[in-house]
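Below is my_file_37.cif, which holds mmCIF, C-alpha atoms and all ligand atoms.
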data_final
#
loop_
_atom_site.label_atom_id
_atom_site.label_comp_id
_atom_site.auth_asym_id
_atom_site.auth_seq_id
_atom_site.Cartn_x
_atom_site.Cartn_y
_atom_site.Cartn_z
CA MET V 1 -16.80 23.39 -23.87
CA ALA V 2 -16.28 19.99 -22.27
CA PRO V 3 -19.30 18.65 -20.39
CA SER V 4 -19.33 19.21 -16.66
CA ILE V 5 -21.29 17.60 -13.88
CA VAL V 6 -23.57 20.60 -13.83
CA ASP V 7 -24.62 20.45 -17.46
CA LEU V 8 -24.92 16.67 -17.72
CA GLN V 9 -28.49 15.55 -17.10
CA ILE V 10 -28.33 12.06 -15.61
CA PRO V 11 -31.67 10.45 -14.87
CA GLN V 12 -31.88 8.34 -11.71
CA GLU V 13 -32.59 5.17 -13.65
CA ALA V 14 -29.20 5.49 -15.34
CA LYS V 15 -27.54 3.82 -12.37
CA GLY V 16 -28.12 0.24 -13.50
CA ILE V 17 -30.10 -2.38 -15.37
CA HIS V 18 -33.69 -2.78 -14.27
CA SER V 19 -35.14 -6.23 -14.37
CA ASN V 20 -38.84 -6.25 -15.23
CA GLU V 21 -39.11 -10.00 -15.16
CA GLY V 22 -42.12 -11.36 -16.96
CA THR V 23 -43.95 -8.08 -17.48
CA ALA V 24 -41.92 -5.73 -19.62
CA PRO V 25 -39.03 -5.95 -22.06
CA ARG V 26 -35.56 -5.64 -20.60
CA GLN V 27 -34.43 -2.05 -20.44
CA ALA V 28 -30.99 -1.26 -21.82
CA PRO V 29 -28.58 0.35 -19.34
CA ARG V 30 -28.18 4.10 -19.56
CA PHE V 31 -24.53 4.94 -19.78
CA THR V 32 -22.70 8.25 -19.92
CA PRO V 33 -19.01 7.57 -20.65
CA GLY V 34 -16.66 9.09 -18.11
CA TYR V 35 -19.41 10.10 -15.71
CA THR V 36 -20.43 8.40 -12.49
CA VAL V 37 -23.08 9.60 -10.11
CA VAL V 38 -21.87 11.25 -6.91
CA GLU V 39 -23.86 9.94 -3.97
CA GLU V 40 -24.17 12.63 -1.35
CA GLY V 41 -26.65 14.47 0.78
CA LYS V 42 -28.42 11.41 2.13
CA ALA V 43 -31.04 12.39 4.66
CA THR V 44 -29.49 10.18 7.33
CA GLY V 45 -26.03 11.75 6.99
CA TYR V 46 -22.73 10.03 6.50
CA GLU V 47 -22.55 6.79 8.48
CA TYR V 48 -18.79 7.07 8.97
CA GLU V 49 -18.79 10.70 10.12
CA HIS V 50 -17.17 9.65 13.44
CA LEU V 51 -14.26 8.11 11.52
CA LYS V 52 -13.39 11.24 9.57
CA PRO V 53 -9.92 12.80 10.01
CA CYS V 54 -8.80 15.08 12.80
CA PHE V 55 -5.42 16.51 13.81
CA PRO V 56 -5.10 16.48 17.61
CA ASP V 57 -2.77 19.20 18.85
CA VAL V 58 -0.67 17.00 21.12
CA THR V 59 3.02 16.26 21.53
CA TRP V 60 4.54 12.81 21.71
CA PRO V 61 8.10 11.80 22.70
CA PRO V 62 10.45 10.23 20.11
CA LEU V 63 9.79 6.58 19.34
CA GLU V 64 11.93 4.11 21.22
CA GLU V 65 12.96 0.69 20.02
CA VAL V 66 10.44 -2.03 20.85
CA PRO V 67 10.81 -5.82 20.66
CA TYR V 68 9.63 -7.34 17.40
CA SER V 69 9.32 -10.96 16.41
CA ASP V 70 7.57 -11.61 13.12
CA LYS V 71 4.45 -13.76 13.50
CA GLY V 72 4.96 -14.93 9.94
CA LEU V 73 7.76 -17.14 11.29
CA LEU V 74 5.05 -19.15 13.08
CA GLY V 75 2.94 -19.57 9.93
CA ASP V 76 2.45 -22.85 8.12
CA PRO V 77 4.39 -23.11 4.82
CA GLU V 78 1.19 -24.25 3.10
CA TYR V 79 -1.07 -21.79 4.97
CA LYS V 80 -3.27 -24.71 6.02
CA ASP V 81 -5.19 -22.92 8.78
CA LEU V 82 -5.77 -19.74 6.78
CA LEU V 83 -6.89 -21.53 3.64
CA ALA V 84 -9.03 -24.14 5.42
CA GLU V 85 -12.06 -21.86 5.07
CA ALA V 86 -11.13 -20.33 1.71
CA THR V 87 -13.46 -20.79 -1.24
CA ASP V 88 -10.99 -19.29 -3.71
CA VAL V 89 -7.42 -18.04 -3.65
CA PHE V 90 -5.45 -16.63 -6.59
CA ASP V 91 -2.40 -14.55 -7.37
CA TYR V 92 -2.56 -11.28 -9.27
CA THR V 93 0.86 -11.61 -10.91
CA PRO V 94 3.85 -13.92 -10.35
CA LYS V 95 5.64 -11.15 -8.46
CA ILE V 96 2.99 -9.59 -6.22
CA GLY V 97 -0.52 -9.86 -4.86
CA THR V 98 -2.96 -12.57 -3.76
CA GLU V 99 -6.71 -12.46 -3.17
CA ILE V 100 -8.58 -14.78 -0.82
CA HIS V 101 -12.32 -15.41 -0.76
CA GLY V 102 -14.36 -17.11 1.96
CA VAL V 103 -12.26 -16.08 4.96
CA ASN V 104 -13.73 -13.77 7.61
CA LEU V 105 -11.00 -11.50 9.01
CA LYS V 106 -13.05 -10.80 12.12
CA THR V 107 -12.89 -14.38 13.34
CA LEU V 108 -9.29 -15.36 12.52
CA THR V 109 -7.58 -17.71 14.97
CA ASN V 110 -3.99 -17.00 16.01
CA ALA V 111 -2.82 -19.82 13.73
CA GLN V 112 -4.62 -18.14 10.83
CA LYS V 113 -3.09 -14.76 11.72
CA ASN V 114 0.35 -16.37 11.64
CA ASP V 115 -0.35 -17.96 8.26
CA LEU V 116 -1.62 -14.63 6.94
CA ALA V 117 1.53 -12.79 8.05
CA ARG V 118 3.61 -15.44 6.32
CA LEU V 119 1.57 -15.19 3.11
CA ILE V 120 1.83 -11.39 3.06
CA SER V 121 5.58 -11.69 3.56
CA TYR V 122 5.85 -13.78 0.40
CA ARG V 123 3.20 -12.08 -1.75
CA GLY V 124 3.60 -8.42 -0.74
CA VAL V 125 -0.12 -7.64 -0.53
CA VAL V 126 -3.21 -9.79 0.14
CA PHE V 127 -6.83 -8.73 -0.48
CA PHE V 128 -10.07 -9.74 1.21
CA ARG V 129 -13.40 -8.51 -0.14
CA GLY V 130 -16.77 -8.38 1.60
CA GLN V 131 -15.42 -7.81 5.13
CA LYS V 132 -18.43 -5.90 6.40
CA ASP V 133 -18.01 -7.32 9.92
CA PHE V 134 -14.40 -6.16 10.18
CA GLN V 135 -14.64 -2.94 12.19
CA VAL V 136 -11.90 -0.51 13.17
CA GLU V 137 -11.57 -2.26 16.55
CA ASP V 138 -10.90 -5.54 14.73
CA GLN V 139 -8.39 -3.82 12.48
CA LEU V 140 -6.54 -2.56 15.58
CA GLU V 141 -6.66 -5.98 17.23
CA LEU V 142 -5.23 -7.78 14.21
CA GLY V 143 -2.46 -5.17 13.88
CA ARG V 144 -1.64 -5.46 17.59
CA TYR V 145 -1.35 -9.23 17.28
CA TRP V 146 1.45 -8.70 14.76
CA GLY V 147 3.32 -6.07 16.77
CA THR V 148 3.39 -2.64 18.39
CA LEU V 149 1.16 -0.25 16.45
CA HIS V 150 2.77 2.78 14.88
CA LYS V 151 1.47 6.27 15.70
CA HIS V 152 2.07 8.66 12.83
CA ALA V 153 3.48 12.07 13.73
CA THR V 154 1.60 14.18 11.19
CA THR V 155 -1.16 12.37 9.28
CA SER V 156 -4.82 12.72 10.17
CA VAL V 157 -6.20 10.31 12.77
CA VAL V 158 -9.62 9.22 14.00
CA LYS V 159 -10.70 11.11 17.09
CA GLY V 160 -9.66 9.09 20.15
CA LEU V 161 -7.80 6.51 18.06
CA ASP V 162 -4.25 7.81 17.65
CA GLU V 163 -3.13 4.62 15.90
CA VAL V 164 -5.68 4.91 13.09
CA HIS V 165 -4.85 7.07 10.08
CA SER V 166 -8.03 8.32 8.40
CA VAL V 167 -7.60 8.92 4.66
CA TYR V 168 -10.44 11.13 3.43
CA TYR V 169 -11.13 12.98 0.18
CA ASP V 170 -14.27 14.65 -1.09
CA LYS V 171 -15.28 17.45 -3.44
CA ASN V 172 -13.57 20.00 -1.18
CA THR V 173 -10.14 18.33 -1.21
CA LEU V 174 -7.34 20.21 -2.97
CA ASP V 175 -6.41 18.74 -6.34
CA GLN V 176 -3.44 16.43 -5.75
CA ARG V 177 -1.93 17.44 -9.12
CA ALA V 178 -1.29 20.85 -7.61
CA LEU V 179 0.56 19.41 -4.63
CA PHE V 180 2.64 16.46 -5.83
CA ALA V 181 4.42 15.07 -8.85
CA PRO V 182 2.85 11.60 -9.23
CA ALA V 183 6.21 9.82 -9.02
CA HIS V 184 6.91 11.47 -5.66
CA LEU V 185 3.75 9.94 -4.20
CA TRP V 186 5.24 6.43 -4.40
CA HIS V 187 6.34 5.53 -0.88
CA ALA V 188 6.45 2.91 1.80
CA ASP V 189 4.89 4.05 5.06
CA ALA V 190 7.13 5.90 7.53
CA THR V 191 10.43 4.35 6.42
CA TYR V 192 12.25 7.12 8.29
CA GLU V 193 11.43 5.45 11.61
CA ILE V 194 14.06 3.32 13.34
CA GLN V 195 11.64 0.40 12.98
CA PRO V 196 9.67 1.12 9.79
CA PRO V 197 6.22 -0.49 9.60
CA SER V 198 5.92 -4.14 8.64
CA TYR V 199 2.26 -5.12 8.12
CA THR V 200 -0.14 -2.37 7.05
CA LEU V 201 -3.91 -2.91 7.10
CA LEU V 202 -6.10 -0.65 4.95
CA ILE V 203 -9.88 -0.86 4.81
CA ILE V 204 -12.09 1.20 2.56
CA LEU V 205 -15.27 2.64 4.09
CA ARG V 206 -16.51 4.64 1.13
CA GLY V 207 -14.96 4.80 -2.29
CA PRO V 208 -15.68 6.08 -5.72
CA PRO V 209 -18.22 3.82 -7.45
CA ARG V 210 -17.10 1.34 -10.08
CA GLY V 211 -15.39 3.14 -12.93
CA ALA V 212 -14.80 6.38 -11.00
CA GLY V 213 -11.13 5.80 -10.12
CA GLY V 214 -9.32 5.98 -6.79
CA ASP V 215 -7.32 2.75 -7.28
CA THR V 216 -4.17 1.98 -5.29
CA ILE V 217 -1.02 0.64 -6.96
CA TRP V 218 1.64 -1.46 -5.23
CA SER V 219 5.16 -2.13 -6.53
CA SER V 220 7.24 -5.08 -5.35
CA GLN V 221 10.63 -4.24 -3.86
CA TYR V 222 11.66 -7.91 -4.09
CA ALA V 223 11.10 -7.70 -7.82
CA ALA V 224 12.77 -4.28 -8.05
CA TYR V 225 15.94 -5.85 -6.67
CA ASP V 226 15.70 -8.60 -9.29
CA VAL V 227 15.53 -6.03 -12.10
CA LEU V 228 19.06 -4.88 -11.25
CA SER V 229 22.27 -6.25 -12.74
CA THR V 230 24.53 -8.28 -10.47
CA PRO V 231 27.17 -5.49 -10.28
CA MET V 232 24.47 -2.94 -9.36
CA GLN V 233 23.06 -5.31 -6.72
CA THR V 234 26.53 -5.70 -5.19
CA TYR V 235 27.08 -1.93 -5.22
CA LEU V 236 23.77 -1.18 -3.49
CA GLU V 237 24.27 -3.92 -0.92
CA SER V 238 27.33 -2.01 0.30
CA LEU V 239 25.39 1.22 0.90
CA THR V 240 22.94 2.89 3.24
CA ALA V 241 20.55 5.78 2.63
CA LEU V 242 18.98 8.51 4.74
CA HIS V 243 15.19 8.39 5.15
CA THR V 244 13.59 11.54 6.57
CA SER V 245 10.25 12.88 7.76
CA GLU V 246 11.43 16.51 7.56
CA GLU V 247 9.26 17.27 4.53
CA GLN V 248 6.13 15.78 6.15
CA ALA V 249 6.71 17.81 9.32
CA ALA V 250 7.39 21.04 7.41
CA ASP V 251 4.33 20.57 5.18
CA SER V 252 2.18 19.92 8.22
CA ARG V 253 3.34 23.05 10.01
CA ALA V 254 3.00 25.12 6.81
CA ALA V 255 -0.63 23.99 6.64
CA GLY V 256 -1.17 25.16 10.23
CA ARG V 257 -1.32 21.64 11.60
CA PRO V 258 0.75 20.13 14.42
CA ALA V 259 3.73 17.82 14.10
CA ARG V 260 3.06 15.55 17.08
CA ARG V 261 6.65 14.26 17.13
CA GLU V 262 9.79 15.99 15.94
CA ALA V 263 10.99 15.00 12.47
CA VAL V 264 13.53 12.18 12.30
CA THR V 265 16.20 11.13 9.82
CA THR V 266 17.40 7.53 9.96
CA GLU V 267 20.06 5.59 8.06
CA HIS V 268 18.91 2.24 6.63
CA PRO V 269 20.54 -0.33 4.32
CA MET V 270 19.57 0.11 0.67
CA VAL V 271 18.98 -3.62 0.39
CA ARG V 272 17.37 -5.44 3.30
CA THR V 273 16.64 -9.07 4.07
CA HIS V 274 13.14 -10.13 5.08
CA PRO V 275 13.02 -12.08 8.36
CA VAL V 276 10.33 -14.53 7.16
CA THR V 277 11.21 -15.22 3.52
CA GLY V 278 14.94 -14.60 3.79
CA TRP V 279 14.66 -12.68 0.48
CA LYS V 280 16.45 -9.47 -0.41
CA SER V 281 14.49 -6.37 -1.32
CA LEU V 282 15.37 -2.90 -2.48
CA PHE V 283 14.72 -0.49 0.38
CA VAL V 284 14.41 3.03 -1.00
CA ASN V 285 11.35 5.05 -1.98
CA PRO V 286 10.75 8.43 -3.62
CA GLY V 287 8.70 9.75 -0.72
CA PHE V 288 11.23 9.67 2.09
CA VAL V 289 14.81 8.94 0.92
CA LYS V 290 16.94 12.03 0.47
CA GLN V 291 20.55 10.86 0.10
CA ILE V 292 22.76 7.82 -0.27
CA VAL V 293 25.42 7.88 2.44
CA GLY V 294 29.11 8.04 1.54
CA VAL V 295 28.87 9.01 -2.14
CA PRO V 296 28.83 12.41 -3.88
CA LYS V 297 25.45 14.10 -4.19
CA MET V 298 25.54 13.91 -7.99
CA GLU V 299 26.03 10.15 -7.81
CA SER V 300 23.34 9.79 -5.13
CA ASP V 301 20.84 11.78 -7.19
CA ALA V 302 21.55 9.77 -10.35
CA ILE V 303 21.37 6.37 -8.64
CA LEU V 304 18.20 7.24 -6.72
CA LYS V 305 16.55 8.54 -9.90
CA TYR V 306 17.42 5.27 -11.65
CA LEU V 307 15.98 3.21 -8.78
CA TYR V 308 12.82 5.33 -8.68
CA ASP V 309 12.40 4.85 -12.43
CA ILE V 310 12.46 1.10 -11.80
CA ILE V 311 9.91 1.33 -8.97
CA VAL V 312 7.55 3.67 -10.78
CA THR V 313 7.72 2.44 -14.38
CA THR V 314 8.51 -1.30 -14.40
CA GLN V 315 5.17 -2.94 -15.11
CA GLU V 316 6.03 -6.44 -13.88
CA LEU V 317 6.54 -5.03 -10.38
CA HIS V 318 3.06 -3.53 -10.24
CA LEU V 319 -0.40 -4.45 -9.05
CA ARG V 320 -3.27 -1.98 -9.56
CA PHE V 321 -6.30 -2.59 -7.39
CA SER V 322 -9.82 -1.20 -7.85
CA TRP V 323 -11.51 -0.93 -4.49
CA GLU V 324 -15.05 -1.88 -3.60
CA GLU V 325 -16.60 -1.15 -0.24
CA HIS V 326 -15.68 -3.43 2.67
CA THR V 327 -12.47 -4.59 1.00
CA VAL V 328 -9.37 -4.96 3.17
CA ALA V 329 -5.84 -4.84 1.76
CA ILE V 330 -2.95 -5.93 3.96
CA TRP V 331 0.56 -5.43 2.68
CA ASP V 332 4.13 -5.83 3.81
CA ASN V 333 5.51 -2.32 3.95
CA ARG V 334 9.09 -3.63 4.06
CA ILE V 335 8.89 -5.09 0.56
CA CYS V 336 6.35 -2.89 -1.26
CA THR V 337 6.02 0.72 -2.24
CA HIS V 338 2.53 2.01 -3.00
CA THR V 339 0.61 5.04 -4.19
CA GLY V 340 -2.98 6.13 -4.39
CA THR V 341 -4.25 7.31 -7.75
CA PHE V 342 -6.16 10.53 -8.19
CA GLY V 343 -8.54 11.99 -10.73
CA PHE V 344 -11.63 10.68 -8.88
CA ALA V 345 -12.88 14.06 -7.66
CA PRO V 346 -15.56 14.98 -6.65
CA GLN V 347 -16.19 11.47 -5.30
CA VAL V 348 -15.70 10.58 -1.64
CA ARG V 349 -12.78 8.23 -0.87
CA HIS V 350 -12.47 7.25 2.80
CA LEU V 351 -10.11 4.60 4.16
CA LEU V 352 -8.67 3.64 7.55
CA ARG V 353 -5.06 2.53 7.95
CA VAL V 354 -3.39 0.73 10.85
CA THR V 355 0.24 -0.36 10.74
CA THR V 356 2.65 -2.35 12.90
CA GLN V 357 6.23 -1.41 13.71
CA GLY V 358 8.60 -3.97 12.22
CA GLU V 359 12.18 -4.92 12.90
CA ARG V 360 15.10 -2.56 12.41
CA PRO V 361 16.11 -3.25 8.77
CA VAL V 362 19.11 -5.53 8.31
CA PHE V 363 20.96 -6.87 5.30
CA ASP V 364 22.20 -10.47 5.37
CA PRO V 365 24.91 -10.99 2.72
CA ASN V 366 24.02 -14.68 2.59
CA SER V 367 20.36 -14.11 1.74
CA LYS V 368 18.85 -14.73 -1.70
CA SER V 369 16.55 -12.81 -3.97
CA GLN V 370 12.97 -13.88 -4.72
CA GLU V 371 13.82 -14.85 -8.28
CA GLU V 372 17.02 -16.64 -7.31
CA ASP V 373 15.29 -18.69 -4.62
CA LEU V 374 12.24 -19.58 -6.71
CA ASN V 375 14.36 -20.47 -9.74
CA GLU V 376 16.40 -22.84 -7.60
CA LYS V 377 13.28 -24.45 -6.12
CA THR V 378 11.46 -24.81 -9.44
CA GLY V 379 14.42 -25.66 -11.65
CA ARG V 380 13.91 -22.63 -13.86
CA ALA V 381 16.91 -21.09 -15.60
CA PRO V 382 18.21 -17.76 -14.30
CA VAL V 383 17.04 -14.72 -16.26
CA ASP V 384 19.54 -13.34 -18.77
CA LYS V 385 19.69 -9.59 -18.08
CA ASN V 386 22.27 -8.80 -20.74
CA GLY V 387 20.79 -5.80 -22.56
CA ALA V 388 23.22 -6.16 -25.45
CA ARG V 389 21.22 -9.11 -26.76
CA ARG V 390 18.76 -8.73 -29.60
CA SER V 391 15.23 -8.65 -28.34
CA ASN V 392 11.67 -7.75 -29.11
CA TYR V 393 8.80 -6.14 -27.30
CA ASN V 394 5.32 -7.23 -26.43
CA ASP V 395 1.89 -5.63 -26.50
FE FE V 401 0.94 4.99 2.50
#
Starting from the file, lay out its structure as structure tokens.
Amino acid sequence: MAPSIVDLQIPQEAKGIHSNEGTAPRQAPRFTPGYTVVEEGKATGYEYEHLKPCFPDVTWPPLEEVPYSDKGLLGDPEYKDLLAEATDVFDYTPKIGTEIHGVNLKTLTNAQKNDLARLISYRGVVFFRGQKDFQVEDQLELGRYWGTLHKHATTSVVKGLDEVHSVYYDKNTLDQRALFAPAHLWHADATYEIQPPSYTLLIILRGPPRGAGGDTIWSSQYAAYDVLSTPMQTYLESLTALHTSEEQAADSRAAGRPARREAVTTEHPMVRTHPVTGWKSLFVNPGFVKQIVGVPKMESDAILKYLYDIIVTTQELHLRFSWEEHTVAIWDNRICTHTGTFGFAPQVRHLLRVTTQGERPVFDPNSKSQEEDLNEKTGRAPVDKNGARRSNYND
């Protein structure tokens, strides 16, 4: 029988290396592969109990269009204000993700907030570690600076804070494998809204310890567009797709929880142009798109499956992030899909999400792709996507 948490005997000192400087020989770390201690039952209780999820039984009217002007347009092209305090800044991959050290999110000036919006627009997702000062009120304030905050119709919220989605798992949470196919979990937040979210701020309060899982993965929709052939790009640029919250609303009601707004279905372009970068991105996701408009269902299903295969399986689009407490991730929901990863039970994983309503998606036929624009600016040759060439593969 495979070992379980019950029959593994883990001594307390197994949690780390003990330094007995000057008096005793160094003790080797105790290590049980595949097992991490679950910290629970502290005498003082859970410090974030007040930020746990609730589902207020209230009804809200449909969302109405609100003005939106992207603050990233005011940012400095070299991010001078944001990076003035930085001690380190680095990209995760050429396509997606940047991490900044030395910047305190709680004390950002407006100029720094503008630079940050611009950087997120280009890089998809930006990470800040060690943000212990950055409280939920600060998270709300930064989101509000960028635009009108989105109130989700069905997800759990923090009591009294309707604009804060509380993501919470513990040993009592249903196994996600029972509920979802992993590919279906890839999504961008609330793309069925008339103005789908732009900047999403996610902070982790309590997460599985190092090595215990619970990572989040992002996939670049700029880069997904660049995977496509030119004829496929042209075809998709001519089309729209239906995004719907019907499944979320039905699931919520089936679970005995309220849908605070009626479900909506909205038609959006399949390729959109970002207002700050001017770059094209693919704008579909497995979570919320149900049909391409104007084509037979068989064609819609086949094309969407192909696009989802690109989003879910193309490694160069991806960034996988291992959380540590007090880390903040801020991403551009217009140009990224994302998914949590599971298999961390029975650990606690508790995050707070705030997101800003963006512009109504538009496609500009004169816009460029990320790769096209950067190749032109750097003098690099365009990528040859002809699959009939001989090739090789890499480890
Ligand atoms: Fe999400």
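Atom CA of Met298 of chain V to atom CA of His187 of chain V spans 22.1 Å [interatomic distance, one decimal].
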Self-check item: atom CA of Asp332 of chain V to atom CA of Gly102 of chain V, distance in Å rounded to a single decimal
Solution: 21.7 Å
Practice problem: Would you kindly return, as an MDAnalysis selection string, each protein, DNA or RNA residue with an atom no farther than 12 Å from any atom of Lys113 of chain V, considering all atoms listed in the file and excluding same-chain residues fewer than 3 positions away? | Solution: chainID V and resid 70:76 79:83 103:110 116:120 141:147 199 330
Practice problem: Would you kindly return, as a list in words, each protein, DNA or RNA residue with an atom no farther than 9 Å from any atom of His326 of chain V, considering only C-alpha atoms and excluding same-chain residues fewer than 6 positions away? | Solution: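 The neighbour list is Phe128, Arg129, Gly130, Gln131, Lys132, Asp133, Phe134, Ile203, Ile204, Leu205 and Arg206 of chain V.
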Practice problem: Pick out the residues no farther than 9 Å from ligand FE 401 (chain V), counting all atoms listed in the file, and list them as a list of chain:residue names. | Solution: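 Answer in the requested format: V:Leu185, V:Trp186, V:His187, V:Ala188, V:Asp189, V:Ala190, V:Thr200, V:Asn333, V:Thr337, V:His338, V:Thr339, V:Gly340, V:Arg353.
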Practice problem: Might you pull out every residue within 12 Å of Tyr235 of chain V, with only C-alpha atoms counted and same-chain residues fewer than 6 positions away left off, and present them as a PyMOL selection string? | Solution: chain V and resi 225+228-229+269-271+292+295+303
